[in-house]
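Engineer: Pasting in a structure now, in structure tokens, and then I'll have a few things to ask.
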Amino acid sequence: MSEEKTNSGNGAGSRRQFLKAAGLTGAAAAAGGSAALGQTLTGVQPKAEELPPNVPDWSRYLGEGVADRPYGKPSKFEANVIRRDVEWLTASRQSSVNFTPWHQLDGILTPNGLCFERHHGGAPDVDPDAHRLMIHGLVDRQLMFSMSDIMRMPRVNRVHFLECAANSGMEWRGPQLNGCQFTHGMIHNVMYTGVPLKVLLNEAGLKPNAKWLLVEGGDASGMNRSLPLEKALDDCLVAFKMNGEALRPEQGYPLRLVVPGWEGNIWVKWLRRIEVGDMPWLAREETSKYTDLMADGRARRYTFFMDAKSVITNPSPQAPLKHRGRNVLTGIAWSGRGAVTRVDVTLDGGKSWQEARIDGPIFERSVSRFYVDFDWQGEELLIQSRCHDSTGYLQPTKSELRKFRGVNSIYHNNGIQTWLVRANGETENVEIT
Ligand code: MTE
Ligand code: CO
């Protein structure tokens with residue numbers, strides 16, 4: 001029986017044929033759309049004499065020693081798992097953005113080297129010994145913390161997503177970018193270790209008329225934003241570790257603000273100054289930028305929350321379907337207002353929905369991972385996911401969103417994403433109207 005026959009088998013007999021073929025030809029070359037076990041889809045095909053139970057070449061010689069890698073890196077075969085940028089979205093190398101390759105990741109945590117970066121004046125190299133955080137304004141005691149002061153205060157661990165308000169911003173008027181890395185890659189999900197901002201503010205002592213904070217970064221853009229005191233006292237952190245190790249320079253080393261569930265812009269990096277006041281400062285980033293221009297020409301002033309959203313990461317344009325038969329559909333879902341309670345997936349453009357399987361820990365204001373294990377025989381699919389959160393909110397379609405928000409917006413696009421999977425497995429960014 002040839003591989004070809006097995007691959008195209010659709011009928012009741014095909015499963016049996018498939019198992020038989022797999023047993024016979026473990027090392028067979030990958031034919032497009034093959035479903036047989038023991039096949040590789042890309043790269044060098046193994047030689048029969050190196051397959052188990054025989055011994056491959058790399059088992060015959062000693063490998064590299066422990067001293068050869070004081071700081072570990074991924075295998076060289078993973079060299080294409082990288083942040084990518086979009087040339088026409090890159091104003092300059094310093095005022096720029098790159099994107100998280102979600103189609104190449106799994107689970108809920110983003111590895112430190114793959115967290116998307118967004119900065120307005122490049123990433124400075126801050127010496128932690130020379131770094132200070134000042135708290136002043138409407139406080140009883142003006143304070144200046146060194147990093148070692150901060151690291152001697154009670155700390156906590158929290159897993160949260162950071163999503164730039166501009167994530168999916170290019171998709172407002174219609175499908176544009178071909179890949180979830182580009183349409184949805186301005187989000188990362190990290191475990192932070194840090195000190196609750198409340199602890200630092202209490203140390204300074206708040207005056208009765210304190211209502212707002214100005215939080216300021218130590219980069220060349222000196223980025224600053226107004227943060228309501230209520231949020232600061234609720235769940236904000238001053239973080240110094242991400243996923244267990246020091247923040248990366250591009251993520252704000254040595255200190256960044258964590259503002260769970262709120263737009264990324266307010267998560268000030270290289271945090272150096274907090275001024276306590278009684279009014280918002282109307283800084284550049286909250287007036288000319290990061291406001292939503294509505295259809296009637298008026299702009300929303302503060303849209304802090306990132307509402308419930310999700311995207312299918314596989315299959316997606318950068319990760320087409322390659323096998324017929326058994327397949328795993330997966331994606332990520334999140335909500336700035338609480339926990340993800342359920343994710344629905346459709347394979348037929350919304351005619352029918354099924355509940356996806358959420359796996360892995362579920363945290364408030366964190367990414368959750370979902371799966372649908374499905375069988376594909378080459379039919380065209382229109383796939384979408386929609387997220388429900390703990391407030392009862394359901395992620396809207398893009399047309400529902402446009403009804404309320406018009407198409408002037410760049411920011412806060414949490415509409416449902418559609419991918420078209422073609423018969424050959426190739427996948428495209430489309431919209432159902
Ligand atoms: N903080 C400073 N100091 N400078 C910046 O340019 N960019 C903001 C925010 N904090 C920025 C900053 C924006 S718009 C976003 S989306 C997030 O940081 C990005 O965080 P990341 O680079 O860790 O992904
Ligand atoms: Co941003």
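FYI, nothing fancy with the structure tokens labels: chains A, B, ... in order, residues from 1 per chain, ligands from 1 as they appear.
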Segment 279-283 of chain A: which residues within 8 Å, counting only C-alpha atoms, same-chain residues fewer than 2 positions away excluded, as a list in words?

Structural biologist: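 The residues satisfying every condition are Lys211, Trp212, Leu213, Leu214, Asn224, Arg225, Ser226, Leu227, Pro228, Gly277, Glu285, Glu286 and Thr287 of chain A.
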
Engineer: As a quick test: using only C-alpha atoms and all ligand atoms, which residues lie no more than 6 Å away from ligand 1? Give them as a list in words.

Structural biologist: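 Taking only C-alpha atoms and all ligand atoms into account, the residues around ligand 1 at most 6 Å away are Phe116, Glu117, Arg118, His119, His120, Gly121, Cys164, Gly217, Gly218, Asp219, Gly222, Met223, Glu250, Gln251, Gly264, Asn265, Ile266, Trp267, Val268, Lys269 and Trp270 of chain A.
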
Engineer: Could you write those residues out with N, CA, C and O atoms, as a short mmCIF file (atom, residue, chain, number, x, y, z; two decimals), in the first residue's frame?

Structural biologist:
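In the end it all went to out.cif:
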```
data_model
loop_
_atom_site.label_atom_id
_atom_site.label_comp_id
_atom_site.auth_asym_id
_atom_site.auth_seq_id
_atom_site.Cartn_x
_atom_site.Cartn_y
_atom_site.Cartn_z
N PHE A 116 7.17 40.58 23.53
CA PHE A 116 7.21 41.71 22.59
C PHE A 116 7.77 42.93 23.31
O PHE A 116 7.68 43.04 24.54
N GLU A 117 8.37 43.84 22.56
CA GLU A 117 8.92 45.08 23.13
C GLU A 117 8.25 46.27 22.48
O GLU A 117 8.07 46.29 21.26
N ARG A 118 7.92 47.23 23.28
CA ARG A 118 7.41 48.49 22.74
C ARG A 118 8.10 49.60 23.51
O ARG A 118 7.95 49.68 24.73
N HIS A 119 8.93 50.35 22.83
CA HIS A 119 9.46 51.53 23.51
C HIS A 119 9.49 52.75 22.62
O HIS A 119 9.52 52.66 21.42
N HIS A 120 9.47 53.90 23.31
CA HIS A 120 9.34 55.19 22.63
C HIS A 120 10.67 55.92 22.50
O HIS A 120 10.76 56.95 21.85
N GLY A 121 11.70 55.39 23.17
CA GLY A 121 13.00 56.06 23.09
C GLY A 121 14.14 55.07 23.25
O GLY A 121 15.18 55.40 23.81
N CYS A 164 -0.55 45.80 24.82
CA CYS A 164 -0.53 47.17 24.33
C CYS A 164 -1.93 47.50 23.82
O CYS A 164 -2.58 46.68 23.17
N GLY A 217 9.00 57.01 33.72
CA GLY A 217 10.07 56.09 33.38
C GLY A 217 11.40 56.79 33.19
O GLY A 217 11.44 58.00 32.96
N GLY A 218 12.48 56.02 33.24
CA GLY A 218 13.82 56.59 33.16
C GLY A 218 14.46 56.42 31.79
O GLY A 218 15.68 56.40 31.68
N ASP A 219 13.67 56.27 30.72
CA ASP A 219 14.24 56.16 29.38
C ASP A 219 14.30 57.54 28.72
O ASP A 219 13.88 58.54 29.32
N GLY A 222 11.21 59.47 28.65
CA GLY A 222 10.71 59.88 29.97
C GLY A 222 9.21 59.63 30.09
O GLY A 222 8.47 60.44 30.62
N MET A 223 8.78 58.46 29.58
CA MET A 223 7.35 58.22 29.48
C MET A 223 6.64 58.33 30.82
O MET A 223 7.10 57.82 31.82
N GLU A 250 14.98 45.42 28.05
CA GLU A 250 13.88 45.92 27.19
C GLU A 250 12.52 45.87 27.89
O GLU A 250 11.56 46.47 27.42
N GLN A 251 12.44 45.16 29.01
CA GLN A 251 11.18 45.14 29.78
C GLN A 251 11.25 46.05 31.01
O GLN A 251 10.38 45.99 31.86
N GLY A 264 -1.17 48.40 28.22
CA GLY A 264 0.27 48.29 28.42
C GLY A 264 0.97 49.62 28.61
O GLY A 264 1.98 49.70 29.33
N ASN A 265 0.46 50.66 27.99
CA ASN A 265 1.15 51.95 28.02
C ASN A 265 1.39 52.47 29.43
O ASN A 265 2.35 53.20 29.70
N ILE A 266 0.51 52.09 30.36
CA ILE A 266 0.61 52.62 31.73
C ILE A 266 1.57 51.79 32.60
O ILE A 266 1.91 52.19 33.71
N TRP A 267 2.04 50.67 32.06
CA TRP A 267 3.00 49.81 32.78
C TRP A 267 4.40 50.41 32.60
O TRP A 267 5.23 49.87 31.88
N VAL A 268 4.66 51.50 33.27
CA VAL A 268 5.90 52.25 33.02
C VAL A 268 7.15 51.43 33.34
O VAL A 268 7.25 50.80 34.38
N LYS A 269 8.08 51.46 32.36
CA LYS A 269 9.34 50.71 32.50
C LYS A 269 10.42 51.64 33.03
O LYS A 269 10.31 52.85 32.92
N TRP A 270 11.48 51.06 33.56
CA TRP A 270 12.59 51.82 34.17
C TRP A 270 12.02 52.85 35.14
O TRP A 270 12.43 54.02 35.17
#
```

Engineer: Extract, using only C-alpha atoms, all DNA, RNA and protein residues at most 7 Å from segment 323-330 of chain A, discarding same-chain residues fewer than 6 positions from it, and format them as a tab-separated table (two decimals) with N, CA, C and O atoms, in the first residue's frame.

Structural biologist:
```
chain	number	residue	atom	x	y	z
A	33	GLY	N	0.35	16.76	3.48
A	33	GLY	CA	-0.93	16.36	4.07
A	33	GLY	C	-0.94	14.97	4.62
A	33	GLY	O	-1.99	14.38	4.83
A	34	SER	N	0.21	14.39	4.89
A	34	SER	CA	0.23	13.02	5.39
A	34	SER	C	-0.22	12.94	6.84
A	34	SER	O	0.00	13.83	7.63
A	35	ALA	N	-0.86	11.81	7.20
A	35	ALA	CA	-1.32	11.63	8.57
A	35	ALA	C	-0.61	10.49	9.27
A	35	ALA	O	-0.91	10.18	10.39
A	312	ILE	N	-6.91	32.26	17.96
A	312	ILE	CA	-6.39	30.91	17.68
A	312	ILE	C	-4.97	31.09	17.15
A	312	ILE	O	-4.75	31.81	16.16
A	313	THR	N	-4.02	30.45	17.82
A	313	THR	CA	-2.62	30.61	17.41
A	313	THR	C	-2.18	29.51	16.44
A	313	THR	O	-1.25	29.71	15.67
A	314	ASN	N	-2.85	28.35	16.49
A	314	ASN	CA	-2.57	27.23	15.58
A	314	ASN	C	-3.87	26.50	15.27
A	314	ASN	O	-4.50	26.06	16.24
A	315	PRO	N	-4.27	26.36	14.03
A	315	PRO	CA	-3.58	26.89	12.86
A	315	PRO	C	-3.76	28.40	12.73
A	315	PRO	O	-4.73	28.95	13.24
A	370	PHE	N	-6.20	27.46	25.53
A	370	PHE	CA	-7.30	26.54	25.19
A	370	PHE	C	-6.94	25.63	24.01
A	370	PHE	O	-6.04	25.94	23.23
A	371	TYR	N	-7.65	24.49	23.95
A	371	TYR	CA	-7.42	23.48	22.91
A	371	TYR	C	-8.73	22.93	22.37
A	371	TYR	O	-9.70	22.79	23.13
A	372	VAL	N	-8.74	22.58	21.09
A	372	VAL	CA	-9.79	21.73	20.51
A	372	VAL	C	-9.05	20.66	19.71
A	372	VAL	O	-8.29	20.98	18.80
A	373	ASP	N	-9.25	19.41	20.11
A	373	ASP	CA	-8.61	18.30	19.39
A	373	ASP	C	-9.59	17.88	18.30
A	373	ASP	O	-10.71	17.51	18.61
A	374	PHE	N	-9.18	17.98	17.03
A	374	PHE	CA	-10.16	17.76	15.96
A	374	PHE	C	-9.57	16.95	14.81
A	374	PHE	O	-8.36	16.74	14.73
A	375	ASP	N	-10.48	16.52	13.96
A	375	ASP	CA	-10.11	15.70	12.83
A	375	ASP	C	-10.31	16.53	11.57
A	375	ASP	O	-11.35	17.16	11.41
A	376	TRP	N	-9.33	16.56	10.69
A	376	TRP	CA	-9.44	17.40	9.49
A	376	TRP	C	-9.15	16.56	8.25
A	376	TRP	O	-8.13	15.88	8.19
A	377	GLN	N	-10.09	16.63	7.31
A	377	GLN	CA	-9.92	15.84	6.08
A	377	GLN	C	-9.77	16.73	4.85
A	377	GLN	O	-10.14	16.35	3.75
A	378	GLY	N	-9.27	17.93	5.05
A	378	GLY	CA	-9.01	18.80	3.90
A	378	GLY	C	-10.15	19.73	3.55
A	378	GLY	O	-10.10	20.41	2.53
```

Engineer: Mind checking DSSP for segment 5-173 of chain A and telling me the strand (DSSP E or B) residues as a list in words?

Structural biologist: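 Answer for segment 5-173 of chain A restricted to strand (DSSP E or B) is Gly33, Arg84, Ser96, Val97, Phe99, Arg118, His119, Arg132, Leu133, Met134, Ile135, His136, Gly137, Val139, Leu143, Met144, Phe145, Ser146, Val156, Asn157, Arg158, Val159, His160, Phe161, Leu162 and Glu163 of chain A.
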
Engineer: Met134 of chain A: which residues within 12 Å, counting only C-alpha atoms, same-chain residues fewer than 6 positions away excluded, as a PDB file with all heavy atoms, in the first residue's frame?

Structural biologist:
```pdb
ATOM      1  N   ARG A 141       5.994  61.840  53.889  1.00  0.00           N
ATOM      2  CA  ARG A 141       7.451  61.762  53.830  1.00  0.00           C
ATOM      3  C   ARG A 141       7.878  61.517  52.392  1.00  0.00           C
ATOM      4  O   ARG A 141       7.467  60.518  51.800  1.00  0.00           O
ATOM      5  CB  ARG A 141       7.952  60.559  54.661  1.00  0.00           C
ATOM      6  CG  ARG A 141       8.002  60.744  56.146  1.00  0.00           C
ATOM      7  CD  ARG A 141       8.318  59.401  56.832  1.00  0.00           C
ATOM      8  NE  ARG A 141       7.344  58.371  56.498  1.00  0.00           N
ATOM      9  CZ  ARG A 141       6.114  58.269  57.057  1.00  0.00           C
ATOM     10  NH1 ARG A 141       5.754  59.110  57.995  1.00  0.00           N
ATOM     11  NH2 ARG A 141       5.269  57.321  56.689  1.00  0.00           N
ATOM     12  N   GLN A 142       8.681  62.392  51.845  1.00  0.00           N
ATOM     13  CA  GLN A 142       9.233  62.150  50.512  1.00  0.00           C
ATOM     14  C   GLN A 142      10.300  61.062  50.631  1.00  0.00           C
ATOM     15  O   GLN A 142      11.155  61.145  51.521  1.00  0.00           O
ATOM     16  CB  GLN A 142       9.847  63.453  50.011  1.00  0.00           C
ATOM     17  CG  GLN A 142      10.507  63.335  48.672  1.00  0.00           C
ATOM     18  CD  GLN A 142      10.895  64.711  48.150  1.00  0.00           C
ATOM     19  OE1 GLN A 142      10.108  65.660  48.162  1.00  0.00           O
ATOM     20  NE2 GLN A 142      12.127  64.818  47.693  1.00  0.00           N
ATOM     21  N   LEU A 143      10.232  60.034  49.778  1.00  0.00           N
ATOM     22  CA  LEU A 143      11.161  58.903  49.929  1.00  0.00           C
ATOM     23  C   LEU A 143      11.953  58.648  48.648  1.00  0.00           C
ATOM     24  O   LEU A 143      11.491  58.949  47.550  1.00  0.00           O
ATOM     25  CB  LEU A 143      10.382  57.622  50.274  1.00  0.00           C
ATOM     26  CG  LEU A 143       9.606  57.623  51.591  1.00  0.00           C
ATOM     27  CD1 LEU A 143       8.814  56.329  51.727  1.00  0.00           C
ATOM     28  CD2 LEU A 143      10.545  57.810  52.782  1.00  0.00           C
ATOM     29  N   MET A 144      13.126  58.081  48.839  1.00  0.00           N
ATOM     30  CA  MET A 144      13.980  57.714  47.707  1.00  0.00           C
ATOM     31  C   MET A 144      14.453  56.284  47.958  1.00  0.00           C
ATOM     32  O   MET A 144      15.229  56.042  48.885  1.00  0.00           O
ATOM     33  CB  MET A 144      15.177  58.675  47.670  1.00  0.00           C
ATOM     34  CG  MET A 144      16.041  58.532  46.467  1.00  0.00           C
ATOM     35  SD  MET A 144      15.398  59.431  45.051  1.00  0.00           S
ATOM     36  CE  MET A 144      16.155  61.024  45.302  1.00  0.00           C
ATOM     37  N   PHE A 145      13.957  55.338  47.152  1.00  0.00           N
ATOM     38  CA  PHE A 145      14.307  53.925  47.359  1.00  0.00           C
ATOM     39  C   PHE A 145      15.442  53.511  46.430  1.00  0.00           C
ATOM     40  O   PHE A 145      15.394  53.807  45.226  1.00  0.00           O
ATOM     41  CB  PHE A 145      13.119  53.022  47.025  1.00  0.00           C
ATOM     42  CG  PHE A 145      11.940  53.174  47.944  1.00  0.00           C
ATOM     43  CD1 PHE A 145      10.896  54.032  47.626  1.00  0.00           C
ATOM     44  CD2 PHE A 145      11.862  52.439  49.119  1.00  0.00           C
ATOM     45  CE1 PHE A 145       9.795  54.156  48.464  1.00  0.00           C
ATOM     46  CE2 PHE A 145      10.760  52.561  49.967  1.00  0.00           C
ATOM     47  CZ  PHE A 145       9.730  53.421  49.643  1.00  0.00           C
ATOM     48  N   SER A 146      16.411  52.783  46.966  1.00  0.00           N
ATOM     49  CA  SER A 146      17.394  52.109  46.107  1.00  0.00           C
ATOM     50  C   SER A 146      16.825  50.730  45.773  1.00  0.00           C
ATOM     51  O   SER A 146      15.847  50.286  46.384  1.00  0.00           O
ATOM     52  CB  SER A 146      18.728  51.957  46.833  1.00  0.00           C
ATOM     53  OG  SER A 146      18.559  51.029  47.903  1.00  0.00           O
ATOM     54  N   MET A 147      17.443  50.035  44.826  1.00  0.00           N
ATOM     55  CA  MET A 147      16.962  48.690  44.495  1.00  0.00           C
ATOM     56  C   MET A 147      17.085  47.756  45.691  1.00  0.00           C
ATOM     57  O   MET A 147      16.223  46.913  45.919  1.00  0.00           O
ATOM     58  CB  MET A 147      17.733  48.124  43.295  1.00  0.00           C
ATOM     59  CG  MET A 147      17.335  48.717  41.964  1.00  0.00           C
ATOM     60  SD  MET A 147      15.557  48.623  41.635  1.00  0.00           S
ATOM     61  CE  MET A 147      15.291  46.862  41.558  1.00  0.00           C
ATOM     62  N   ASP A 149      16.804  48.595  48.812  1.00  0.00           N
ATOM     63  CA  ASP A 149      15.684  48.910  49.722  1.00  0.00           C
ATOM     64  C   ASP A 149      14.433  48.146  49.278  1.00  0.00           C
ATOM     65  O   ASP A 149      13.733  47.532  50.090  1.00  0.00           O
ATOM     66  CB  ASP A 149      15.337  50.411  49.672  1.00  0.00           C
ATOM     67  CG  ASP A 149      16.449  51.294  50.223  1.00  0.00           C
ATOM     68  OD1 ASP A 149      17.220  50.813  51.071  1.00  0.00           O
ATOM     69  OD2 ASP A 149      16.536  52.468  49.789  1.00  0.00           O
ATOM     70  N   ILE A 150      14.164  48.193  47.966  1.00  0.00           N
ATOM     71  CA  ILE A 150      12.935  47.565  47.444  1.00  0.00           C
ATOM     72  C   ILE A 150      12.973  46.058  47.635  1.00  0.00           C
ATOM     73  O   ILE A 150      11.977  45.432  47.984  1.00  0.00           O
ATOM     74  CB  ILE A 150      12.732  47.969  45.968  1.00  0.00           C
ATOM     75  CG1 ILE A 150      12.295  49.437  45.940  1.00  0.00           C
ATOM     76  CG2 ILE A 150      11.696  47.091  45.278  1.00  0.00           C
ATOM     77  CD1 ILE A 150      12.232  50.070  44.608  1.00  0.00           C
ATOM     78  N   LEU A 200       4.699  50.590  49.297  1.00  0.00           N
ATOM     79  CA  LEU A 200       5.589  51.747  49.157  1.00  0.00           C
ATOM     80  C   LEU A 200       4.852  53.049  49.469  1.00  0.00           C
ATOM     81  O   LEU A 200       5.399  53.947  50.119  1.00  0.00           O
ATOM     82  CB  LEU A 200       6.171  51.818  47.742  1.00  0.00           C
ATOM     83  CG  LEU A 200       6.976  50.608  47.253  1.00  0.00           C
ATOM     84  CD1 LEU A 200       7.562  50.882  45.880  1.00  0.00           C
ATOM     85  CD2 LEU A 200       8.101  50.280  48.231  1.00  0.00           C
ATOM     86  N   LEU A 201       3.587  53.130  49.003  1.00  0.00           N
ATOM     87  CA  LEU A 201       2.815  54.361  49.237  1.00  0.00           C
ATOM     88  C   LEU A 201       2.512  54.530  50.724  1.00  0.00           C
ATOM     89  O   LEU A 201       2.560  55.640  51.258  1.00  0.00           O
ATOM     90  CB  LEU A 201       1.520  54.349  48.416  1.00  0.00           C
ATOM     91  CG  LEU A 201       1.720  54.443  46.893  1.00  0.00           C
ATOM     92  CD1 LEU A 201       0.401  54.226  46.160  1.00  0.00           C
ATOM     93  CD2 LEU A 201       2.330  55.790  46.493  1.00  0.00           C
ATOM     94  N   ALA A 204       5.353  55.990  52.515  1.00  0.00           N
ATOM     95  CA  ALA A 204       5.461  57.445  52.339  1.00  0.00           C
ATOM     96  C   ALA A 204       4.343  58.181  53.093  1.00  0.00           C
ATOM     97  O   ALA A 204       4.521  59.329  53.498  1.00  0.00           O
ATOM     98  CB  ALA A 204       5.427  57.796  50.857  1.00  0.00           C
ATOM     99  N   LEU A 214       1.421  60.327  39.267  1.00  0.00           N
ATOM    100  CA  LEU A 214       2.131  60.401  37.990  1.00  0.00           C
ATOM    101  C   LEU A 214       3.253  59.374  38.081  1.00  0.00           C
ATOM    102  O   LEU A 214       4.068  59.435  39.004  1.00  0.00           O
ATOM    103  CB  LEU A 214       2.723  61.793  37.761  1.00  0.00           C
ATOM    104  CG  LEU A 214       3.444  61.901  36.404  1.00  0.00           C
ATOM    105  CD1 LEU A 214       2.447  62.005  35.262  1.00  0.00           C
ATOM    106  CD2 LEU A 214       4.400  63.082  36.377  1.00  0.00           C
ATOM    107  N   VAL A 215       3.267  58.428  37.136  1.00  0.00           N
ATOM    108  CA  VAL A 215       4.330  57.414  37.138  1.00  0.00           C
ATOM    109  C   VAL A 215       5.240  57.694  35.955  1.00  0.00           C
ATOM    110  O   VAL A 215       4.768  57.887  34.837  1.00  0.00           O
ATOM    111  CB  VAL A 215       3.735  55.984  37.095  1.00  0.00           C
ATOM    112  CG1 VAL A 215       3.149  55.616  38.446  1.00  0.00           C
ATOM    113  CG2 VAL A 215       2.640  55.837  36.031  1.00  0.00           C
ATOM    114  N   GLU A 216       6.545  57.748  36.210  1.00  0.00           N
ATOM    115  CA  GLU A 216       7.485  58.205  35.179  1.00  0.00           C
ATOM    116  C   GLU A 216       8.629  57.216  34.988  1.00  0.00           C
ATOM    117  O   GLU A 216       9.163  56.684  35.958  1.00  0.00           O
ATOM    118  CB  GLU A 216       8.056  59.561  35.624  1.00  0.00           C
ATOM    119  CG  GLU A 216       9.011  60.189  34.629  1.00  0.00           C
ATOM    120  CD  GLU A 216       9.676  61.427  35.216  1.00  0.00           C
ATOM    121  OE1 GLU A 216      10.687  61.277  35.942  1.00  0.00           O
ATOM    122  OE2 GLU A 216       9.177  62.539  34.974  1.00  0.00           O
ATOM    123  N   GLY A 217       8.996  57.014  33.722  1.00  0.00           N
ATOM    124  CA  GLY A 217      10.068  56.086  33.383  1.00  0.00           C
ATOM    125  C   GLY A 217      11.396  56.792  33.190  1.00  0.00           C
ATOM    126  O   GLY A 217      11.442  58.004  32.958  1.00  0.00           O
ATOM    127  N   GLY A 218      12.479  56.022  33.242  1.00  0.00           N
ATOM    128  CA  GLY A 218      13.823  56.586  33.155  1.00  0.00           C
ATOM    129  C   GLY A 218      14.460  56.416  31.789  1.00  0.00           C
ATOM    130  O   GLY A 218      15.676  56.404  31.678  1.00  0.00           O
ATOM    131  N   LEU A 271      11.068  52.400  35.948  1.00  0.00           N
ATOM    132  CA  LEU A 271      10.293  53.289  36.839  1.00  0.00           C
ATOM    133  C   LEU A 271      11.218  54.036  37.804  1.00  0.00           C
ATOM    134  O   LEU A 271      12.009  53.427  38.526  1.00  0.00           O
ATOM    135  CB  LEU A 271       9.293  52.432  37.639  1.00  0.00           C
ATOM    136  CG  LEU A 271       8.383  53.168  38.612  1.00  0.00           C
ATOM    137  CD1 LEU A 271       7.376  54.042  37.864  1.00  0.00           C
ATOM    138  CD2 LEU A 271       7.636  52.174  39.508  1.00  0.00           C
ATOM    139  N   ARG A 272      11.135  55.371  37.816  1.00  0.00           N
ATOM    140  CA  ARG A 272      12.062  56.157  38.660  1.00  0.00           C
ATOM    141  C   ARG A 272      11.385  57.213  39.514  1.00  0.00           C
ATOM    142  O   ARG A 272      11.975  57.730  40.452  1.00  0.00           O
ATOM    143  CB  ARG A 272      13.138  56.809  37.797  1.00  0.00           C
ATOM    144  CG  ARG A 272      12.592  57.877  36.858  1.00  0.00           C
ATOM    145  CD  ARG A 272      13.660  58.348  35.904  1.00  0.00           C
ATOM    146  NE  ARG A 272      14.767  58.999  36.572  1.00  0.00           N
ATOM    147  CZ  ARG A 272      14.829  60.305  36.842  1.00  0.00           C
ATOM    148  NH1 ARG A 272      13.817  61.097  36.529  1.00  0.00           N
ATOM    149  NH2 ARG A 272      15.877  60.818  37.423  1.00  0.00           N
ATOM    150  N   ARG A 273      10.099  57.553  39.182  1.00  0.00           N
ATOM    151  CA  ARG A 273       9.480  58.629  39.957  1.00  0.00           C
ATOM    152  C   ARG A 273       7.978  58.420  40.034  1.00  0.00           C
ATOM    153  O   ARG A 273       7.334  58.076  39.033  1.00  0.00           O
ATOM    154  CB  ARG A 273       9.788  59.985  39.300  1.00  0.00           C
ATOM    155  CG  ARG A 273       9.391  61.182  40.145  1.00  0.00           C
ATOM    156  CD  ARG A 273       9.983  62.464  39.568  1.00  0.00           C
ATOM    157  NE  ARG A 273       9.326  62.892  38.342  1.00  0.00           N
ATOM    158  CZ  ARG A 273       8.256  63.693  38.298  1.00  0.00           C
ATOM    159  NH1 ARG A 273       7.715  64.157  39.414  1.00  0.00           N
ATOM    160  NH2 ARG A 273       7.732  64.042  37.134  1.00  0.00           N
ATOM    161  N   ILE A 274       7.442  58.595  41.237  1.00  0.00           N
ATOM    162  CA  ILE A 274       5.991  58.558  41.447  1.00  0.00           C
ATOM    163  C   ILE A 274       5.627  59.822  42.206  1.00  0.00           C
ATOM    164  O   ILE A 274       6.086  60.041  43.331  1.00  0.00           O
ATOM    165  CB  ILE A 274       5.578  57.311  42.271  1.00  0.00           C
ATOM    166  CG1 ILE A 274       5.930  56.028  41.506  1.00  0.00           C
ATOM    167  CG2 ILE A 274       4.086  57.364  42.597  1.00  0.00           C
ATOM    168  CD1 ILE A 274       5.631  54.742  42.258  1.00  0.00           C
ATOM    169  N   GLU A 275       4.825  60.663  41.555  1.00  0.00           N
ATOM    170  CA  GLU A 275       4.385  61.886  42.217  1.00  0.00           C
ATOM    171  C   GLU A 275       2.918  61.721  42.587  1.00  0.00           C
ATOM    172  O   GLU A 275       2.112  61.273  41.773  1.00  0.00           O
ATOM    173  CB  GLU A 275       4.568  63.082  41.269  1.00  0.00           C
ATOM    174  CG  GLU A 275       4.290  64.413  41.940  1.00  0.00           C
ATOM    175  CD  GLU A 275       4.578  65.605  41.021  1.00  0.00           C
ATOM    176  OE1 GLU A 275       5.262  65.432  39.988  1.00  0.00           O
ATOM    177  OE2 GLU A 275       4.092  66.712  41.345  1.00  0.00           O
ATOM    178  N   VAL A 276       2.574  62.037  43.809  1.00  0.00           N
ATOM    179  CA  VAL A 276       1.189  61.903  44.259  1.00  0.00           C
ATOM    180  C   VAL A 276       0.517  63.260  44.135  1.00  0.00           C
ATOM    181  O   VAL A 276       1.051  64.275  44.588  1.00  0.00           O
ATOM    182  CB  VAL A 276       1.145  61.400  45.724  1.00  0.00           C
ATOM    183  CG1 VAL A 276      -0.302  61.188  46.172  1.00  0.00           C
ATOM    184  CG2 VAL A 276       1.950  60.100  45.879  1.00  0.00           C
TER     185      VAL A 276
END
```

Engineer: At what distance in Å, to one decimal, does atom CA of Ile108 of chain A lie from atom CA of Ile332 of chain A?

Structural biologist: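 Between atom CA of Ile332 of chain A and atom CA of Ile108 of chain A the gap works out to 7.8 Å.
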
Engineer: So that I can see what lies close to Asp140 of chain A, please list as a ChimeraX atom specification the residues with an atom at most 9 Å from it, counting only C-alpha atoms and leaving out residues fewer than 6 positions away in the same chain.

Structural biologist: /A:204-207

Engineer: Export, as a compact mmCIF listing (two decimals), in the first residue's frame, the selected residues with C-alpha atoms.

Structural biologist:
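The resulting again-v7.txt:
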```
# COMPACT_ATOMS: atom_id res chain seq x y z
CA ALA A 204 5.46 57.45 52.34
CA GLY A 205 2.06 58.13 53.93
CA LEU A 206 -0.70 59.58 51.74
CA LYS A 207 -2.23 63.03 52.37
```

Engineer: Hey, what's within 8 Å of segment 89-101 of chain A if we count only C-alpha atoms and toss same-chain stuff fewer than 3 positions away? As a list in words, please?

Structural biologist: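 My list of contacting residues is Val81, Ile82, Arg83, Arg84, Asp85, Val86, Gln104, Leu105, Leu114, Cys115, Phe116, Glu117, Arg118, His119, His120, Gly121, Gly122, Ala123, Cys180, Gln181, Phe182, Gly185, Met186, Ile187 and His188 of chain A.
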
Engineer: Residues within 12 Å of Gln176 of chain A, please, as JSON, numbers by chain. Count only C-alpha atoms; anything in the same chain fewer than 6 positions from it doesn't count.

Structural biologist: {"A": [86, 168, 169, 170, 182, 183, 184, 317, 417, 418, 419, 428, 429, 430, 431]}

Engineer: Ranking A:Pro175, A:Gly392, A:Pro254, A:Pro74 by minimum distance to Leu133 of chain A and counting only C-alpha atoms, which one comes first?

Structural biologist: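 So, comparing all the options, the nearest one is A:Pro254.
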